[in-house]
Structure formats: C-alpha cells, structure tokens
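Chemist: The structure under discussion is supplied below as structure tokens; questions concerning it will follow.
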Amino acid sequence: MDILKLLRNHEGKTLEFKRDLSSPVKVLRTVVAFANSSGGTLIVGIELGTRNVVGIEEPLDAQERLANIISTGISPIIVPAIEILHWRDSNLIAVEVFPSYSRPHYLISGGPEDGVYIRVGASNRRADLQMREELKRTARNDAFDELPIPTGSSEAIDFRAASEFFSGVRKISKKDLQSLHLVVRHQKRLVPTNGGMILFGSSRDTYFPDAWIQAGRFAGTTRSQIQDTRDFHEYPAEAIELAVDFVHKHAQLSYHINGVRREERWSVPIAAVREAIVNAVTHADYSQIGAPIRLLIFDDRIVVESPGLLPFGLTIDDIKWGVSRLRNRVIGRVFKELGIIERWGSGISRMISSCREHGLPPPRFEEIGTHFCVTISLQAEDLPALDELNTQILAQITEGNGLTTKDVASATGISPRAARARLKALVEKGLIVEVGSSPTDPRRVYLACDSAQ
C-alpha cells in the first residue's frame, strides 16, 4: 500500500483518517460503511483536520487489537487487509476494506436494524429501512424495477401507450410485454413489474406517487424567488423530452457564422442537461418515498437531482471513467430500445464533452443526503490563478515525493519565509496538502493533491 498516494488525498467516500483506536465504535462504523458501500481505506495514526502524522505506539499490538475488534464487532464477518505502514519515524495502520457481497453488514451492538451504516461523502450514515432493503437487493443481484407487483394485473400496463412509444422502433405485441419484463408471471398469473408500472402503468401515481419530474426556474442563484415551475407527470420517456423543452424555454439561442453556414448555439449545454435528466430517470431509486426527480435552473447553474445514491460498489471516480451499473434494468432496457440511451456508461462522458464544447467546467457529481446531484455550471471555469513562480513550485512538488519548505526555497532561490507564504496559498487553493508530525515539524512536507496532478 502506497502511503504517499493515500496522504495526497482528502477524506472522502473511500478514505478516512483516525488519530487512534480510542473509539472502537467509530472505527467499526467506518469499516461497516465501507463494506456496505464501495470499499475504502482507513488510516489510523493521522490527526483529523490537521493531517498531522502522530503515529501508533506498539503497532503490532494495535494491529492485533484492531483485527479482534472487527472480527467480534461486525456481522456478517468482514476480513479486511490490515497493514502496518511506515512514515519516517512513525508507524501507521492501514485497514483496506473491500466492497462486500454479503451486504448488509452491521454492528453487532446495534443489531441488523440500527447497526447498518453506509458511506455518504466523508461521513458514515445509519441506513434506513429503504436503504437496508436496497443493500439486500444488491447482495441478491436483484433490481427493484424487475420485482413483481402482486396486487396488480397485466391490464395495468397501458399497452396502447407502450405501442406508440415503440412505433418508431418496431411493432410490439402483448407477448413483448413479458420479454421486456414489463409484466412477469407471479403465482400463475401475469402482473406488472415495478419498472413496467413506472414506464407505462395506467395507475402509476397510485403505486409510485413520486415518479415524476419537478422543474423550476429561479431568479438569481438561490431558491428564494421562483420565476417558472412545471410538474411533469407524463410517462417517463415523454417527461424527459418535456423537461428538456423546459430548459430550452429558459435558455437563449444565438447564431454564429461558420464559413458560409449559420449555426445555432444555445447559452446552456443542452446535450449535457439532457443526459443528466436521462440518467436521473434511468438510475433513480424508486423505492424511496417523498422526493421526485428535480430540475433546477439558476442564473449560474443547472442542477438535476434524483433520489438514491450511486449503486453500491460504484464511486464518482468510477462513473467518470465510464464504469456503469444499471440500478433499474427494465427502465434501462426499454430506454436502450427506444434510443433514449445510446450506449451503457457513455452518458457521463457526453455530459463532460458537451460542457467543454461550451467552454464550461465539467459537471460536478455529488451524493448529498440520500440523493445524487449533477450540477452543470453556466459560468466559464474559474481556475486558480497562478503566477510563474507558483506554477514552478507546483510542478516541482508534483514531480517529487514530498518537498519541505527548505527544499522549495532552495530550488526557487527565494527565502524560506516567502516559500512558506506561497505554499500556504497553494494549500488554500486545494492544489497541495501538507503532511507532518506537528505544526512545528521542521521536516513537514508538501504533496500535490491527486486532482492537481
């Protein structure tokens, strides 16, 4: 395990620092949350906030104690990789937890209801009933939208509506409702699936009252003053297009001459917004109650918010690399046939490309509460301003394995005091991190953040 690589990062969904083992319960919560979510690494011996490396005394004893705490405090049992790492004169303990197929894990002291935790951002959150059920479905490799609705009947699917949506693709028969998994056989009769009801159910609002899109245009950059609002309760495939039309309504169209041709250009990256809406509808957690999909338009950004975190096992870095995991297989398959989805895992890259073509920064992807949010900025990217010397310092730190203030001063020919001031500014900009044993550690080093490399 590369300690330098770990120290370059800030705490997040897959990384946490702890000073010591004085609070075993907090350690267990982190291990459980990592195993239930996307895995992660816990480093013991680093002070939270300051990132001071305080180390662990008697690391072999601490390693054995930690292994015992985990093996006796969690069910089903988790077997992480526990390793002693060396940093200068100090010892650290790294606990690498892998995503588990035995979800949901829980603290034995809390039980299978109150002891289940998941990872949201850099915090551990107790899982509610809906989240625990989602963990169980993930472990069984079940999709919520493939599950039957026992109280429904096959007639609950609006076949005429489904036929109209497929009319430009192919002609479908009532038998196709089964092959598309819109209906399934349950106890010797055909009943709709959750996905079938969401897509084409004639009583969708009864079974899924939150399966709709709420759109709003706000004045300024806050929600304090709303200018326009629409609720789209239509079938999802139609609601997506109506939501995109709502964005068109509040965007500005300009014309640019390219050679002999006149090109239309919207003030917002429409393609990126459409992909965000499609992804929200396709991947929403429809088992959650109380929150529709939301499209929020501000002067400086567009936000698309959907209920549900990323599917367990995925991280934001994963989706940026094109890794895809379909939460709703019925909705995904139908959207793929209808041409709403072009290629699995390509939506995020298209969002990023569309923003770049408009001279805008990449979208920001976040897990907030129990929701997934995509924020598309409408303002040109505001990169940290670096003069020539700061650029030189950042390049040297990026190439090295940790430089001290003295190293930077020597390499640039400036005084240690001036070097400290510039290093502090780079830390504040989030481009580098400082690591040492204390604020006065003369061997304190600076490392480039992974995002700055």
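Residue numbers start at 1 in each chain; chains themselves are named A, B, ... in the order of the structure tokens; ligands are numbered from 1 in the order shown.
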Give the helix (DSSP H, G or I) residues of region 82-239 of chain A, as assigned by DSSP on the backbone, as a PyMOL selection string.
Modeler: chain A and resi 111-114+129-140+144-146+154-156+159-166+176-179+194-200+204-207+236-239
Chemist: Set the distance at 12 Å and use only C-alpha atoms: which residues neighbour region 322-325 of chain A once local chain neighbours fewer than 3 positions away are removed? I'd like the list as a ChimeraX atom specification.
Modeler: /A:138,141,143,279,282-283,310-319,328-329,332,343-352
Chemist: Save the residues we just selected, C-alpha atoms, as a PDB file, in the first residue's frame?
Modeler:
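Dumped everything to part.pdb:
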```pdb
ATOM      1  CA  THR A 138     -27.730  -5.637  -4.296  1.00  0.00           C
ATOM      2  CA  ASN A 141     -28.301  -9.102  -7.606  1.00  0.00           C
ATOM      3  CA  ALA A 143     -33.208  -4.950  -9.431  1.00  0.00           C
ATOM      4  CA  ASN A 279     -29.531   9.413 -16.173  1.00  0.00           C
ATOM      5  CA  THR A 282     -32.915   5.737 -15.535  1.00  0.00           C
ATOM      6  CA  HIS A 283     -30.980   5.365 -12.281  1.00  0.00           C
ATOM      7  CA  LEU A 310     -24.881   5.675  -6.643  1.00  0.00           C
ATOM      8  CA  PRO A 311     -25.435   1.909  -6.867  1.00  0.00           C
ATOM      9  CA  PHE A 312     -23.438   0.248  -4.103  1.00  0.00           C
ATOM     10  CA  GLY A 313     -19.934  -0.578  -5.253  1.00  0.00           C
ATOM     11  CA  LEU A 314     -19.614   2.484  -7.504  1.00  0.00           C
ATOM     12  CA  THR A 315     -17.791   5.720  -6.786  1.00  0.00           C
ATOM     13  CA  ILE A 316     -17.920   9.092  -8.527  1.00  0.00           C
ATOM     14  CA  ASP A 317     -14.440   8.429  -9.936  1.00  0.00           C
ATOM     15  CA  ASP A 318     -15.776   5.150 -11.400  1.00  0.00           C
ATOM     16  CA  ILE A 319     -18.599   6.808 -13.326  1.00  0.00           C
ATOM     17  CA  ASN A 328     -33.172  -0.223 -12.990  1.00  0.00           C
ATOM     18  CA  ARG A 329     -32.754  -2.930 -15.614  1.00  0.00           C
ATOM     19  CA  GLY A 332     -32.620   0.768 -18.904  1.00  0.00           C
ATOM     20  CA  ARG A 343     -24.537   3.233 -25.049  1.00  0.00           C
ATOM     21  CA  TRP A 344     -24.073   1.949 -21.488  1.00  0.00           C
ATOM     22  CA  GLY A 345     -21.727   4.139 -19.468  1.00  0.00           C
ATOM     23  CA  SER A 346     -21.404   6.858 -22.131  1.00  0.00           C
ATOM     24  CA  GLY A 347     -23.739   9.451 -20.611  1.00  0.00           C
ATOM     25  CA  ILE A 348     -21.231  10.939 -18.185  1.00  0.00           C
ATOM     26  CA  SER A 349     -18.551  11.372 -20.865  1.00  0.00           C
ATOM     27  CA  ARG A 350     -21.093  13.063 -23.157  1.00  0.00           C
ATOM     28  CA  MET A 351     -22.009  15.460 -20.345  1.00  0.00           C
ATOM     29  CA  ILE A 352     -18.364  16.368 -19.831  1.00  0.00           C
TER      30      ILE A 352
END
```
Chemist: Compare A:Cys355, A:Leu338, A:Val191, A:Ala219 by their minimum atom-to-atom distance to Gly168 (chain A), counting only C-alpha atoms, and give me the closest one.
Modeler: A:Leu338
Chemist: What is the distance, in Å and to one decimal place, between CA of Phe98 (chain A) and CA of Phe17 (chain A)?
Modeler: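 One can read the CA of Phe98 (chain A) to CA of Phe17 (chain A) distance as 16.9 Å.
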